[in-house]
file upload-v9.tsv (TSV, C-alpha atoms and all ligand atoms)
chain	number	residue	atom	x	y	z
A	8	MET	CA	0.10	-96.94	0.80
A	9	GLY	CA	0.48	-100.34	-0.89
A	10	ARG	CA	2.57	-99.18	-3.88
A	11	ALA	CA	4.92	-97.03	-1.76
A	12	ARG	CA	5.53	-99.95	0.59
A	13	THR	CA	6.15	-102.30	-2.35
A	14	ARG	CA	8.80	-99.91	-3.76
A	15	LEU	CA	10.54	-99.60	-0.40
A	16	CYS	CA	10.48	-103.37	0.10
A	17	TYR	CA	12.05	-103.85	-3.31
A	18	LEU	CA	14.80	-101.30	-2.60
A	19	PHE	CA	15.68	-102.77	0.80
A	20	GLY	CA	15.20	-106.41	-0.12
A	21	VAL	CA	12.60	-107.13	2.57
A	22	SER	CA	9.58	-109.42	2.37
A	23	LEU	CA	7.02	-108.69	-0.34
A	24	LYS	CA	4.32	-110.58	1.50
A	25	LYS	CA	0.95	-108.83	1.60
A	26	LYS	CA	0.20	-107.62	5.10
A	27	ILE	CA	-3.21	-108.64	6.38
A	28	ALA	CA	-4.84	-107.21	9.49
A	29	ILE	CA	-7.03	-109.80	11.21
A	30	LEU	CA	-10.00	-108.63	13.31
A	31	PRO	CA	-12.02	-111.71	14.34
A	32	GLY	CA	-14.32	-109.56	16.49
A	33	ASP	CA	-17.08	-111.18	18.55
A	34	GLY	CA	-19.13	-114.37	18.74
A	35	ILE	CA	-18.76	-116.70	15.78
A	36	GLY	CA	-16.33	-114.25	14.18
A	37	LYS	CA	-13.73	-115.73	16.52
A	38	GLU	CA	-14.54	-119.24	15.25
A	39	VAL	CA	-14.88	-118.73	11.50
A	40	ILE	CA	-11.91	-116.40	10.92
A	41	PRO	CA	-9.34	-118.99	12.14
A	42	GLN	CA	-10.78	-121.37	9.51
A	43	ALA	CA	-10.38	-118.72	6.81
A	44	ILE	CA	-6.74	-118.23	7.89
A	45	ARG	CA	-6.20	-122.00	7.72
A	46	ALA	CA	-7.33	-122.00	4.09
A	47	LEU	CA	-5.10	-119.00	3.31
A	48	GLU	CA	-2.11	-120.75	4.90
A	49	ALA	CA	-2.88	-124.01	3.11
A	50	VAL	CA	-2.94	-122.32	-0.29
A	51	GLY	CA	0.55	-120.90	0.34
A	52	ALA	CA	-0.38	-117.32	-0.48
A	53	PRO	CA	2.39	-114.81	0.29
A	54	LEU	CA	0.63	-113.22	3.27
A	55	GLU	CA	1.67	-112.00	6.69
A	56	PHE	CA	-1.01	-111.83	9.39
A	57	THR	CA	-1.30	-109.47	12.36
A	58	SER	CA	-4.22	-110.00	14.76
A	59	PHE	CA	-6.07	-107.29	16.63
A	60	ASP	CA	-8.29	-107.83	19.68
A	61	TRP	CA	-10.82	-105.09	18.91
A	62	GLY	CA	-14.25	-106.22	20.04
A	63	ALA	CA	-16.53	-106.72	23.03
A	64	ASP	CA	-13.94	-108.43	25.28
A	65	ARG	CA	-11.49	-105.53	24.87
A	66	TYR	CA	-14.26	-102.96	25.31
A	67	LEU	CA	-15.44	-104.62	28.52
A	68	THR	CA	-11.85	-104.73	29.81
A	69	ASP	CA	-10.63	-101.18	29.15
A	70	LYS	CA	-13.48	-99.38	27.33
A	71	THR	CA	-11.45	-99.21	24.09
A	72	THR	CA	-13.38	-99.60	20.86
A	73	VAL	CA	-10.90	-98.29	18.28
A	74	PRO	CA	-7.44	-97.49	19.68
A	75	PRO	CA	-6.09	-94.00	18.90
A	76	ASP	CA	-4.86	-93.80	15.31
A	77	GLY	CA	-6.44	-97.25	14.70
A	78	PHE	CA	-7.98	-96.67	11.28
A	79	ALA	CA	-5.01	-94.57	10.07
A	80	MET	CA	-2.70	-97.42	11.14
A	81	LEU	CA	-4.76	-100.02	9.24
A	82	GLY	CA	-4.76	-97.89	6.10
A	83	ARG	CA	-1.05	-97.13	6.36
A	84	ASP	CA	0.42	-100.47	7.40
A	85	PHE	CA	-1.80	-103.12	5.77
A	86	ASP	CA	-2.76	-104.27	2.30
A	87	ALA	CA	-6.15	-105.65	3.39
A	88	ILE	CA	-8.26	-106.34	6.46
A	89	LEU	CA	-10.01	-109.66	7.17
A	90	LEU	CA	-12.80	-109.21	9.70
A	91	GLY	CA	-15.25	-111.56	11.45
A	92	ALA	CA	-18.28	-109.89	13.00
A	93	PHE	CA	-19.17	-107.52	15.83
A	94	GLY	CA	-22.04	-107.62	18.29
A	95	ASP	CA	-22.26	-109.01	21.82
A	96	PRO	CA	-25.23	-109.14	24.20
A	97	ARG	CA	-22.93	-108.01	27.05
A	98	VAL	CA	-22.74	-104.63	25.27
A	99	PRO	CA	-26.43	-103.81	24.81
A	100	THR	CA	-25.70	-100.40	23.24
A	101	ASN	CA	-23.60	-102.12	20.55
A	102	ILE	CA	-21.36	-99.05	20.78
A	103	HIS	CA	-18.18	-101.03	20.08
A	104	ALA	CA	-19.65	-102.58	16.92
A	105	LYS	CA	-20.81	-99.20	15.72
A	106	GLU	CA	-17.48	-97.52	16.35
A	107	ILE	CA	-15.36	-100.33	14.92
A	108	LEU	CA	-17.38	-101.60	11.98
A	109	LEU	CA	-19.41	-98.61	10.83
A	110	GLY	CA	-16.49	-96.39	11.89
A	111	MET	CA	-14.13	-98.35	9.64
A	112	ARG	CA	-16.46	-98.21	6.65
A	113	VAL	CA	-16.94	-94.46	7.00
A	114	GLU	CA	-13.50	-93.33	8.28
A	115	MET	CA	-11.61	-95.47	5.76
A	116	ASP	CA	-14.16	-94.43	3.12
A	117	LEU	CA	-14.87	-98.03	2.01
A	118	TYR	CA	-17.70	-96.86	-0.17
A	119	ALA	CA	-18.55	-99.96	-2.21
A	120	ASN	CA	-19.91	-102.95	-0.31
A	121	VAL	CA	-19.60	-105.78	-2.81
A	122	ARG	CA	-21.68	-108.86	-2.04
A	123	PRO	CA	-21.47	-111.68	-4.61
A	124	VAL	CA	-24.50	-113.97	-4.66
A	125	ARG	CA	-23.51	-117.35	-6.08
A	126	LEU	CA	-25.25	-120.65	-5.69
A	127	LEU	CA	-22.39	-123.15	-5.50
A	128	ASP	CA	-24.63	-126.19	-5.10
A	129	GLY	CA	-28.27	-126.32	-6.29
A	130	ARG	CA	-29.24	-128.31	-3.20
A	131	LEU	CA	-28.61	-125.26	-1.01
A	132	CYS	CA	-31.29	-123.12	-2.68
A	133	PRO	CA	-34.79	-123.21	-1.18
A	134	LEU	CA	-36.36	-122.41	-4.57
A	135	LYS	CA	-37.76	-125.19	-6.73
A	136	GLY	CA	-36.00	-126.03	-9.99
A	137	VAL	CA	-33.06	-123.68	-9.47
A	138	GLU	CA	-29.61	-125.03	-10.32
A	139	ALA	CA	-26.18	-123.75	-9.33
A	140	LYS	CA	-25.63	-122.08	-12.70
A	141	ASP	CA	-28.84	-120.05	-12.30
A	142	ILE	CA	-27.68	-117.73	-9.53
A	143	ASP	CA	-24.57	-115.67	-10.14
A	144	PHE	CA	-25.11	-112.00	-9.46
A	145	VAL	CA	-23.55	-109.30	-7.31
A	146	VAL	CA	-25.04	-106.56	-5.18
A	147	VAL	CA	-23.02	-103.34	-4.91
A	148	ARG	CA	-24.30	-101.48	-1.86
A	149	GLU	CA	-23.47	-97.87	-1.00
A	150	ASN	CA	-21.46	-98.20	2.20
A	151	THR	CA	-20.78	-94.76	3.73
A	152	GLU	CA	-24.01	-92.75	3.48
A	153	GLY	CA	-27.75	-93.43	3.75
A	154	VAL	CA	-28.75	-94.42	7.28
A	155	TYR	CA	-25.08	-94.70	8.31
A	156	GLY	CA	-25.16	-90.90	8.61
A	157	ASP	CA	-27.14	-91.43	11.83
A	158	VAL	CA	-28.82	-88.08	11.27
A	159	GLY	CA	-32.06	-87.48	13.12
A	160	GLY	CA	-33.38	-87.20	16.61
A	161	VAL	CA	-36.17	-87.79	19.03
A	162	PHE	CA	-38.50	-85.12	20.37
A	163	LYS	CA	-40.78	-85.51	23.41
A	164	LYS	CA	-39.25	-88.94	24.08
A	165	GLY	CA	-41.37	-91.34	26.09
A	166	THR	CA	-44.53	-89.27	25.79
A	167	ALA	CA	-47.66	-89.87	23.74
A	168	ASP	CA	-46.49	-87.04	21.44
A	169	GLU	CA	-43.09	-88.58	20.73
A	170	VAL	CA	-41.56	-87.79	17.34
A	171	ALA	CA	-38.63	-89.77	15.85
A	172	ILE	CA	-36.84	-88.64	12.71
A	173	GLN	CA	-34.23	-90.74	10.86
A	174	GLU	CA	-32.68	-89.20	7.76
A	175	ASP	CA	-31.35	-91.00	4.69
A	176	ILE	CA	-28.25	-89.19	3.38
A	177	ASN	CA	-27.53	-89.27	-0.37
A	178	THR	CA	-24.85	-87.05	-1.86
A	179	ARG	CA	-24.14	-86.59	-5.56
A	180	LYS	CA	-20.51	-87.65	-4.98
A	181	GLY	CA	-21.50	-90.70	-2.93
A	182	VAL	CA	-24.15	-91.92	-5.35
A	183	GLU	CA	-22.06	-91.30	-8.45
A	184	ARG	CA	-18.95	-93.12	-7.23
A	185	VAL	CA	-20.82	-96.25	-6.18
A	186	VAL	CA	-22.83	-96.33	-9.42
A	187	ARG	CA	-19.57	-95.95	-11.38
A	188	TYR	CA	-18.04	-98.75	-9.32
A	189	ALA	CA	-20.96	-101.03	-10.24
A	190	PHE	CA	-20.44	-100.44	-13.98
A	191	GLU	CA	-16.69	-100.94	-13.61
A	192	TYR	CA	-17.32	-104.14	-11.68
A	193	ALA	CA	-19.59	-105.35	-14.46
A	194	ALA	CA	-16.91	-104.58	-17.04
A	195	ASN	CA	-14.10	-106.27	-15.11
A	196	HIS	CA	-15.74	-109.36	-13.66
A	197	LEU	CA	-16.93	-112.26	-15.75
A	198	ARG	CA	-19.71	-114.58	-14.67
A	199	LEU	CA	-18.67	-117.93	-13.18
A	200	ASP	CA	-19.29	-119.61	-16.57
A	201	GLY	CA	-16.81	-117.22	-18.20
A	202	SER	CA	-19.40	-115.14	-20.05
A	203	PRO	CA	-19.37	-111.32	-19.78
A	204	ARG	CA	-21.78	-109.49	-17.51
A	205	GLN	CA	-24.54	-107.79	-19.48
A	206	ASN	CA	-26.85	-105.74	-17.32
A	207	VAL	CA	-26.68	-103.34	-14.42
A	208	LEU	CA	-29.83	-102.77	-12.42
A	209	MET	CA	-30.41	-99.85	-10.04
A	210	CYS	CA	-32.83	-100.51	-7.21
A	211	ASP	CA	-34.54	-97.71	-5.25
A	212	LYS	CA	-37.92	-96.59	-3.95
A	213	SER	CA	-38.14	-93.43	-6.02
A	214	ASN	CA	-41.94	-93.62	-6.24
A	215	ALA	CA	-42.13	-92.87	-2.51
A	216	MET	CA	-38.70	-91.46	-1.64
A	217	THR	CA	-38.76	-88.95	-4.47
A	218	HIS	CA	-35.87	-86.68	-3.48
A	219	ALA	CA	-33.21	-89.32	-2.89
A	220	GLY	CA	-34.65	-91.57	-5.61
A	221	GLY	CA	-34.56	-88.71	-8.09
A	222	LEU	CA	-30.84	-88.23	-7.50
A	223	TRP	CA	-30.15	-91.96	-7.92
A	224	GLN	CA	-32.26	-91.98	-11.12
A	225	ARG	CA	-30.42	-89.03	-12.69
A	226	VAL	CA	-26.97	-90.33	-11.79
A	227	PHE	CA	-27.74	-93.86	-12.97
A	228	LYS	CA	-29.04	-92.55	-16.31
A	229	GLN	CA	-25.96	-90.39	-16.86
A	230	VAL	CA	-23.36	-93.00	-15.84
A	231	GLY	CA	-25.27	-95.71	-17.72
A	232	SER	CA	-25.14	-93.63	-20.92
A	233	GLU	CA	-21.33	-93.72	-20.64
A	234	HIS	CA	-21.45	-97.55	-20.65
A	235	PRO	CA	-23.56	-98.42	-23.71
A	236	GLN	CA	-22.38	-102.06	-23.67
A	237	PHE	CA	-24.62	-102.71	-20.65
A	238	LYS	CA	-28.38	-102.91	-20.54
A	239	CYS	CA	-29.49	-100.52	-17.78
A	240	GLU	CA	-32.49	-101.59	-15.76
A	241	HIS	CA	-34.44	-100.30	-12.79
A	242	MET	CA	-36.68	-101.89	-10.15
A	243	TYR	CA	-38.35	-100.60	-7.04
A	244	VAL	CA	-36.96	-102.44	-4.04
A	245	ASP	CA	-40.25	-104.12	-3.18
A	246	ALA	CA	-40.62	-105.49	-6.72
A	247	LEU	CA	-36.98	-106.57	-6.69
A	248	CYS	CA	-37.54	-108.70	-3.57
A	249	MET	CA	-40.41	-110.47	-5.27
A	250	GLN	CA	-38.43	-110.99	-8.50
A	251	MET	CA	-35.41	-112.30	-6.59
A	252	VAL	CA	-37.56	-115.13	-5.26
A	253	ARG	CA	-39.59	-115.64	-8.45
A	254	ASP	CA	-36.67	-115.69	-10.91
A	255	PRO	CA	-33.15	-114.94	-9.61
A	256	ARG	CA	-31.68	-115.92	-13.01
A	257	GLN	CA	-32.44	-112.45	-14.39
A	258	PHE	CA	-29.92	-110.57	-12.20
A	259	ASP	CA	-26.35	-109.69	-13.06
A	260	VAL	CA	-25.13	-106.57	-11.21
A	261	ILE	CA	-27.42	-104.69	-8.82
A	262	VAL	CA	-26.47	-101.30	-7.37
A	263	THR	CA	-28.42	-99.73	-4.53
A	264	ASN	CA	-28.30	-97.58	-1.43
A	265	ASN	CA	-27.14	-98.50	2.03
A	266	MET	CA	-30.36	-99.78	3.59
A	267	PHE	CA	-31.87	-101.55	0.59
A	268	GLY	CA	-28.50	-103.22	-0.04
A	269	ASP	CA	-28.44	-104.49	3.53
A	270	ILE	CA	-31.91	-105.98	3.28
A	271	ILE	CA	-31.77	-107.52	-0.19
A	272	THR	CA	-28.44	-109.22	0.51
A	273	ASP	CA	-29.90	-111.13	3.46
A	274	LEU	CA	-32.66	-112.30	1.12
A	275	ALA	CA	-30.00	-113.12	-1.47
A	276	ALA	CA	-27.99	-115.04	1.16
A	277	GLY	CA	-31.09	-117.19	1.65
A	278	LEU	CA	-30.90	-118.13	-2.03
A	279	GLN	CA	-27.30	-119.33	-1.73
A	280	GLY	CA	-27.67	-121.48	1.37
A	281	GLY	CA	-28.05	-118.99	4.20
A	282	LEU	CA	-25.95	-116.36	5.93
A	283	GLY	CA	-23.19	-118.87	6.60
A	284	MET	CA	-22.42	-119.00	2.86
A	285	ALA	CA	-22.25	-115.29	1.96
A	286	ALA	CA	-19.01	-113.33	1.43
A	287	SER	CA	-18.40	-109.61	1.04
A	288	GLY	CA	-15.83	-106.90	0.46
A	289	ASN	CA	-15.83	-103.28	1.61
A	290	ILE	CA	-13.85	-101.59	-1.10
A	291	HIS	CA	-12.26	-98.26	-1.90
A	292	PRO	CA	-10.25	-98.83	-5.08
A	293	GLY	CA	-6.58	-98.08	-4.51
A	294	LYS	CA	-6.88	-98.00	-0.71
A	295	THR	CA	-6.72	-100.68	1.99
A	296	SER	CA	-10.04	-102.53	1.75
A	297	MET	CA	-11.84	-104.78	4.23
A	298	PHE	CA	-13.33	-108.25	3.71
A	299	GLU	CA	-15.92	-109.92	5.96
A	300	PRO	CA	-18.56	-112.63	5.82
A	301	VAL	CA	-22.05	-111.11	5.50
A	302	HIS	CA	-23.30	-112.72	8.70
A	303	GLY	CA	-23.17	-111.22	12.19
A	304	SER	CA	-21.76	-112.58	15.44
A	305	ALA	CA	-24.72	-114.98	15.96
A	306	PRO	CA	-24.55	-115.02	19.81
A	307	PRO	CA	-26.91	-117.99	20.28
A	308	ILE	CA	-24.62	-120.35	18.36
A	309	ALA	CA	-21.28	-118.80	19.37
A	310	GLY	CA	-18.72	-121.00	21.11
A	311	LYS	CA	-20.47	-124.23	20.09
A	312	ASN	CA	-18.35	-125.15	17.06
A	313	ILE	CA	-21.43	-125.20	14.82
A	314	ALA	CA	-21.11	-121.95	12.81
A	315	ASN	CA	-20.59	-122.42	9.08
A	316	PRO	CA	-17.06	-121.21	8.21
A	317	PHE	CA	-17.59	-121.23	4.42
A	318	GLY	CA	-18.77	-117.60	4.18
A	319	ALA	CA	-15.56	-116.54	5.91
A	320	ILE	CA	-13.43	-118.87	3.77
A	321	LEU	CA	-15.05	-117.57	0.56
A	322	THR	CA	-14.45	-114.04	1.89
A	323	ALA	CA	-10.75	-114.89	2.23
A	324	ALA	CA	-10.79	-116.01	-1.42
A	325	MET	CA	-12.43	-112.73	-2.40
A	326	MET	CA	-9.67	-110.87	-0.59
A	327	LEU	CA	-7.00	-112.87	-2.44
A	328	ARG	CA	-8.56	-112.00	-5.79
A	329	HIS	CA	-8.63	-108.33	-4.80
A	330	LEU	CA	-4.91	-108.57	-3.97
A	331	GLY	CA	-4.16	-110.03	-7.41
A	332	LEU	CA	-3.85	-113.63	-6.18
A	333	GLY	CA	-6.54	-115.09	-8.43
A	334	ALA	CA	-5.03	-118.57	-8.82
A	335	GLU	CA	-4.92	-119.02	-5.04
A	336	ALA	CA	-8.49	-117.72	-4.73
A	337	GLU	CA	-9.67	-120.28	-7.28
A	338	LYS	CA	-8.06	-123.13	-5.33
A	339	ILE	CA	-9.88	-122.14	-2.16
A	340	GLU	CA	-13.22	-121.76	-3.96
A	341	ALA	CA	-12.73	-125.15	-5.61
A	342	ALA	CA	-12.08	-126.73	-2.19
A	343	VAL	CA	-15.30	-125.22	-0.77
A	344	LEU	CA	-17.22	-126.53	-3.77
A	345	ALA	CA	-15.67	-129.98	-3.25
A	346	ALA	CA	-16.72	-129.87	0.43
A	347	LEU	CA	-20.29	-129.06	-0.57
A	348	LEU	CA	-20.42	-131.86	-3.12
A	349	ALA	CA	-18.96	-134.33	-0.58
A	350	LYS	CA	-21.33	-133.04	2.12
A	351	LYS	CA	-18.36	-132.19	4.34
A	352	THR	CA	-20.22	-129.24	5.83
A	353	THR	CA	-21.74	-127.85	9.00
A	354	VAL	CA	-25.31	-128.71	10.00
A	355	ASP	CA	-26.93	-125.47	8.74
A	356	ILE	CA	-26.39	-126.69	5.18
A	357	GLY	CA	-27.05	-130.36	5.73
A	358	GLY	CA	-23.74	-131.79	6.90
A	359	THR	CA	-22.57	-133.20	10.23
A	360	LEU	CA	-19.21	-131.49	10.74
A	361	GLY	CA	-18.29	-128.83	13.26
A	362	THR	CA	-16.81	-125.43	12.36
A	363	ARG	CA	-13.23	-126.61	12.92
A	364	GLU	CA	-13.73	-129.93	11.14
A	365	ALA	CA	-15.30	-128.31	8.06
A	366	GLY	CA	-12.44	-125.78	8.00
A	367	GLU	CA	-9.90	-128.59	8.37
A	368	TRP	CA	-11.46	-130.51	5.45
A	369	VAL	CA	-11.25	-127.46	3.19
A	370	ALA	CA	-7.67	-126.67	4.24
A	371	GLN	CA	-6.57	-130.24	3.54
A	372	ARG	CA	-8.25	-130.14	0.14
A	373	VAL	CA	-6.59	-126.82	-0.66
A	374	GLY	CA	-3.20	-128.21	0.27
A	375	ALA	CA	-3.68	-131.57	-1.52
B	401	LIG	N1	-21.04	-107.33	9.97
B	401	LIG	C1	-21.32	-107.55	11.23
B	401	LIG	O1	-20.45	-107.57	12.09
B	401	LIG	C2	-22.75	-107.82	11.62
B	401	LIG	C3	-23.74	-108.09	10.66
B	401	LIG	C4	-25.02	-108.42	11.09
B	401	LIG	C5	-25.29	-108.44	12.45
B	401	LIG	N2	-24.31	-108.15	13.34
B	401	LIG	C6	-24.52	-108.25	14.81
B	401	LIG	O2	-24.53	-109.65	15.12
B	401	LIG	C7	-25.42	-109.87	16.22
B	401	LIG	C8	-26.47	-110.91	15.83
B	401	LIG	O3	-27.27	-110.36	14.78
B	401	LIG	P1	-28.34	-111.19	13.94
B	401	LIG	O4	-28.80	-112.35	14.76
B	401	LIG	O5	-29.31	-110.22	13.42
B	401	LIG	O6	-27.53	-111.71	12.66
B	401	LIG	P2	-26.58	-112.99	12.49
B	401	LIG	O7	-26.05	-112.95	11.10
B	401	LIG	O8	-25.57	-113.03	13.57
B	401	LIG	O9	-27.55	-114.26	12.65
B	401	LIG	C9	-28.75	-114.40	11.89
B	401	LIG	C10	-29.12	-115.89	11.81
B	401	LIG	O10	-28.22	-116.57	10.94
B	401	LIG	C11	-27.54	-117.59	11.63
B	401	LIG	N3	-26.14	-117.55	11.19
B	401	LIG	C12	-25.39	-116.45	10.96
B	401	LIG	N4	-24.17	-116.81	10.58
B	401	LIG	C13	-24.12	-118.14	10.56
B	401	LIG	C14	-23.11	-119.09	10.26
B	401	LIG	N5	-21.87	-118.73	9.87
B	401	LIG	N6	-23.40	-120.39	10.35
B	401	LIG	C15	-24.64	-120.81	10.72
B	401	LIG	N7	-25.64	-119.95	11.02
B	401	LIG	C16	-25.37	-118.63	10.94
B	401	LIG	C17	-27.67	-117.26	13.12
B	401	LIG	O11	-27.58	-118.40	13.93
B	401	LIG	C18	-29.03	-116.61	13.15
B	401	LIG	O12	-30.04	-117.59	13.17
B	401	LIG	C19	-26.00	-108.49	16.58
B	401	LIG	O13	-25.25	-107.94	17.61
B	401	LIG	C20	-25.83	-107.70	15.31
B	401	LIG	O14	-25.77	-106.31	15.53
B	401	LIG	C21	-23.05	-107.86	12.97

call {"tool": "encode", "arguments": {"input": "upload-v9.tsv", "output": "structure tokens"}}
result
Amino acid sequence: MGRARTRLCYLFGVSLKKKIAILPGDGIGKEVIPQAIRALEAVGAPLEFTSFDWGADRYLTDKTTVPPDGFAMLGRDFDAILLGAFGDPRVPTNIHAKEILLGMRVEMDLYANVRPVRLLDGRLCPLKGVEAKDIDFVVVRENTEGVYGDVGGVFKKGTADEVAIQEDINTRKGVERVVRYAFEYAANHLRLDGSPRQNVLMCDKSNAMTHAGGLWQRVFKQVGSEHPQFKCEHMYVDALCMQMVRDPRQFDVIVTNNMFGDIITDLAAGLQGGLGMAASGNIHPGKTSMFEPVHGSAPPIAGKNIANPFGAILTAAMMLRHLGLGAEAEKIEAAVLAALLAKKTTVDIGGTLGTREAGEWVAQRVGA
């Protein structure tokens, strides 16, 4: 999609701006995404934004979750997607969130969920004696299989004999491509201090989940043997959680399945200052990819101008880097770091500013 459009643009002399689809979504998504756009505009990146109203309000108005041809249109017409969060108490089934967000990950085959875990300011970490330089790892989470398959069922519902079965789907193709992505990520992304990444760790629960774990073990061993420059490590997910709290310095690149990746990245977000600080990308190399802060729609704090916009702003920087705009990404990251050092932040991380004011401070710094 992207390359064909670039060629046509060149031939017909039209704008070469990257086209970004904006889906703020629900709750605080609608507050933090405008701050991310402000930073993108301030940095002067060659981008063109188109906003979409997919979310709870639209669903409650006309029952639309994803308009017909919606995902095909995003893949065809856009270079990247910047998304807020989905989830609204007025839609107790969460059907719109499932169809939009999980639908996008699966239908657009965004198989690698990349979640960098970086401590930008040591004061944000709840662990004793940990400095900013100590936490700089990434979790690569499988993003289209596992529990997303929604395979299972309930038998004798509501009775004393009720049975509930929930399957965890792991295919050879799905496991292999995300494990390969993790090694490629390790090879192509330096640590913040400029040093090369050195180890890739696979996390599973193969002592109890022997069938799925066995597949992950075999694939990891094979793909790892093709990348002898990296030390290959393994941890059971329970041990990994303990180690992440005991000594997060030891991690570099972690690859894991859908559910474990979901859980360990909330724990990891706690190490970097909370959910308001965590960024992520949903990637399929060569296709239109989607970028979103790790947090959800946080209904209790929505509409109060108190949500931390930095996770969304750092997500925007991640998107820029993915689009080949590394210098612009660096400027935005530097401005967020400056805001942290100057304590120009929202209350969740110790400041006194509102969402808009923190976003404004970063945008001004970016543009200075
Ligand atoms: N990717 C997504 O769209 C996504 C991810 C997780 C949850 N959700 C949905 O969001 C809704 C709420 O879920 P939840 O409460 O489990 O998760 P959540 O991430 O919305 O909130 C968890 C906690 O973190 C806090 N928090 C989150 N983001 C913050 C920010 N930017 N600044 C300050 N504090 C922040 C919240 O106030 C809350 O205490 C549900 O409907 C859920 O399904 C959506």

call {"tool": "axis_aligned_box", "arguments": {"input": "upload-v9.tsv", "around": "ligand LIG 401 (chain B)", "padding_each_side": "4 Å", "output": "lines of an AutoDock Vina configuration file"}}
result
center_x = -25.2
center_y = -113.6
center_z = 13.7
size_x = 17.6
size_y = 22.5
size_z = 15.7

call {"tool": "closest_atom_pairs", "arguments": {"input": "upload-v9.tsv", "of": "chain A", "to": "ligand LIG 401 (chain B)", "cutoff": "8 Å", "atoms": "only C-alpha atoms and all ligand atoms", "output": "CSV"}}
result
residue,atom,partner,partner_atom,distance
A:Gly32,CA,B:LIG401,O1,7.8
A:Ile35,CA,B:LIG401,N5,7.0
A:Val39,CA,B:LIG401,N5,7.2
A:Gly91,CA,B:LIG401,O1,6.6
A:Ala92,CA,B:LIG401,O1,3.3
A:Phe93,CA,B:LIG401,O1,4.0
A:Gly94,CA,B:LIG401,O13,3.3
A:Asp95,CA,B:LIG401,O13,5.3
A:Pro96,CA,B:LIG401,O13,6.7
A:Asn101,CA,B:LIG401,O13,6.7
A:Ala104,CA,B:LIG401,O1,7.0
A:Leu108,CA,B:LIG401,O1,6.7
A:Gly281,CA,B:LIG401,O10,7.2
A:Leu282,CA,B:LIG401,N4,5.0
A:Gly283,CA,B:LIG401,N5,3.5
A:Met284,CA,B:LIG401,N5,7.0
A:Glu299,CA,B:LIG401,N1,7.0
A:Pro300,CA,B:LIG401,N1,7.2
A:Val301,CA,B:LIG401,N1,5.9
A:His302,CA,B:LIG401,O7,3.7
A:Gly303,CA,B:LIG401,O8,3.3
A:Ser304,CA,B:LIG401,O2,4.0
A:Ala305,CA,B:LIG401,O8,3.2
A:Pro306,CA,B:LIG401,C8,6.0
A:Pro307,CA,B:LIG401,O11,6.4
A:Ile308,CA,B:LIG401,O11,5.7
A:Ile313,CA,B:LIG401,C15,6.8
A:Ala314,CA,B:LIG401,N6,3.7
A:Asn315,CA,B:LIG401,N6,3.7
A:Pro316,CA,B:LIG401,N5,5.7
A:Phe317,CA,B:LIG401,N5,7.4
A:Gly318,CA,B:LIG401,N5,6.6
A:Ala319,CA,B:LIG401,N5,7.8
A:Thr353,CA,B:LIG401,N6,7.8
A:Val354,CA,B:LIG401,C15,8.0
A:Asp355,CA,B:LIG401,C15,5.6

call {"tool": "residues_around", "arguments": {"input": "upload-v9.tsv", "residues": "range 120-134 of chain A", "least_positions_apart": "3", "cutoff": "7 Å", "atoms": "only C-alpha atoms", "output": "PDB file with C-alpha atoms, in the coordinates of the input"}}
result
ATOM      1  CA  VAL A 137     -33.060-123.680  -9.470  1.00  0.00           C
ATOM      2  CA  GLU A 138     -29.610-125.030 -10.320  1.00  0.00           C
ATOM      3  CA  ALA A 139     -26.180-123.750  -9.330  1.00  0.00           C
ATOM      4  CA  ILE A 142     -27.680-117.730  -9.530  1.00  0.00           C
ATOM      5  CA  ASP A 143     -24.570-115.670 -10.140  1.00  0.00           C
ATOM      6  CA  PHE A 144     -25.110-112.000  -9.460  1.00  0.00           C
ATOM      7  CA  VAL A 145     -23.550-109.300  -7.310  1.00  0.00           C
ATOM      8  CA  VAL A 146     -25.040-106.560  -5.180  1.00  0.00           C
ATOM      9  CA  VAL A 147     -23.020-103.340  -4.910  1.00  0.00           C
ATOM     10  CA  ARG A 148     -24.300-101.480  -1.860  1.00  0.00           C
ATOM     11  CA  GLU A 149     -23.470 -97.870  -1.000  1.00  0.00           C
ATOM     12  CA  ASN A 150     -21.460 -98.200   2.200  1.00  0.00           C
ATOM     13  CA  ALA A 275     -30.000-113.120  -1.470  1.00  0.00           C
ATOM     14  CA  ALA A 276     -27.990-115.040   1.160  1.00  0.00           C
ATOM     15  CA  LEU A 278     -30.900-118.130  -2.030  1.00  0.00           C
ATOM     16  CA  GLN A 279     -27.300-119.330  -1.730  1.00  0.00           C
ATOM     17  CA  GLY A 280     -27.670-121.480   1.370  1.00  0.00           C
ATOM     18  CA  ALA A 286     -19.010-113.330   1.430  1.00  0.00           C
ATOM     19  CA  SER A 287     -18.400-109.610   1.040  1.00  0.00           C
ATOM     20  CA  GLY A 288     -15.830-106.900   0.460  1.00  0.00           C
ATOM     21  CA  ASN A 289     -15.830-103.280   1.610  1.00  0.00           C
ATOM     22  CA  ILE A 290     -13.850-101.590  -1.100  1.00  0.00           C
ATOM     23  CA  LEU A 344     -17.220-126.530  -3.770  1.00  0.00           C
ATOM     24  CA  LEU A 347     -20.290-129.060  -0.570  1.00  0.00           C
ATOM     25  CA  ILE A 356     -26.390-126.690   5.180  1.00  0.00           C
TER      26      ILE A 356
END

call {"tool": "atom_distance", "arguments": {"input": "upload-v9.tsv", "atom1": "CA of Met249 in chain A", "atom2": "CA of Gly220 in chain A"}}
result
19.8 Å

call {"tool": "closest_residue", "arguments": {"input": "upload-v9.tsv", "among": "A:Asp64, A:Asp116, A:Glu55, A:Glu335", "to": "Ala79 in chain A", "atoms": "all atoms listed in the file"}}
result
A:Asp116
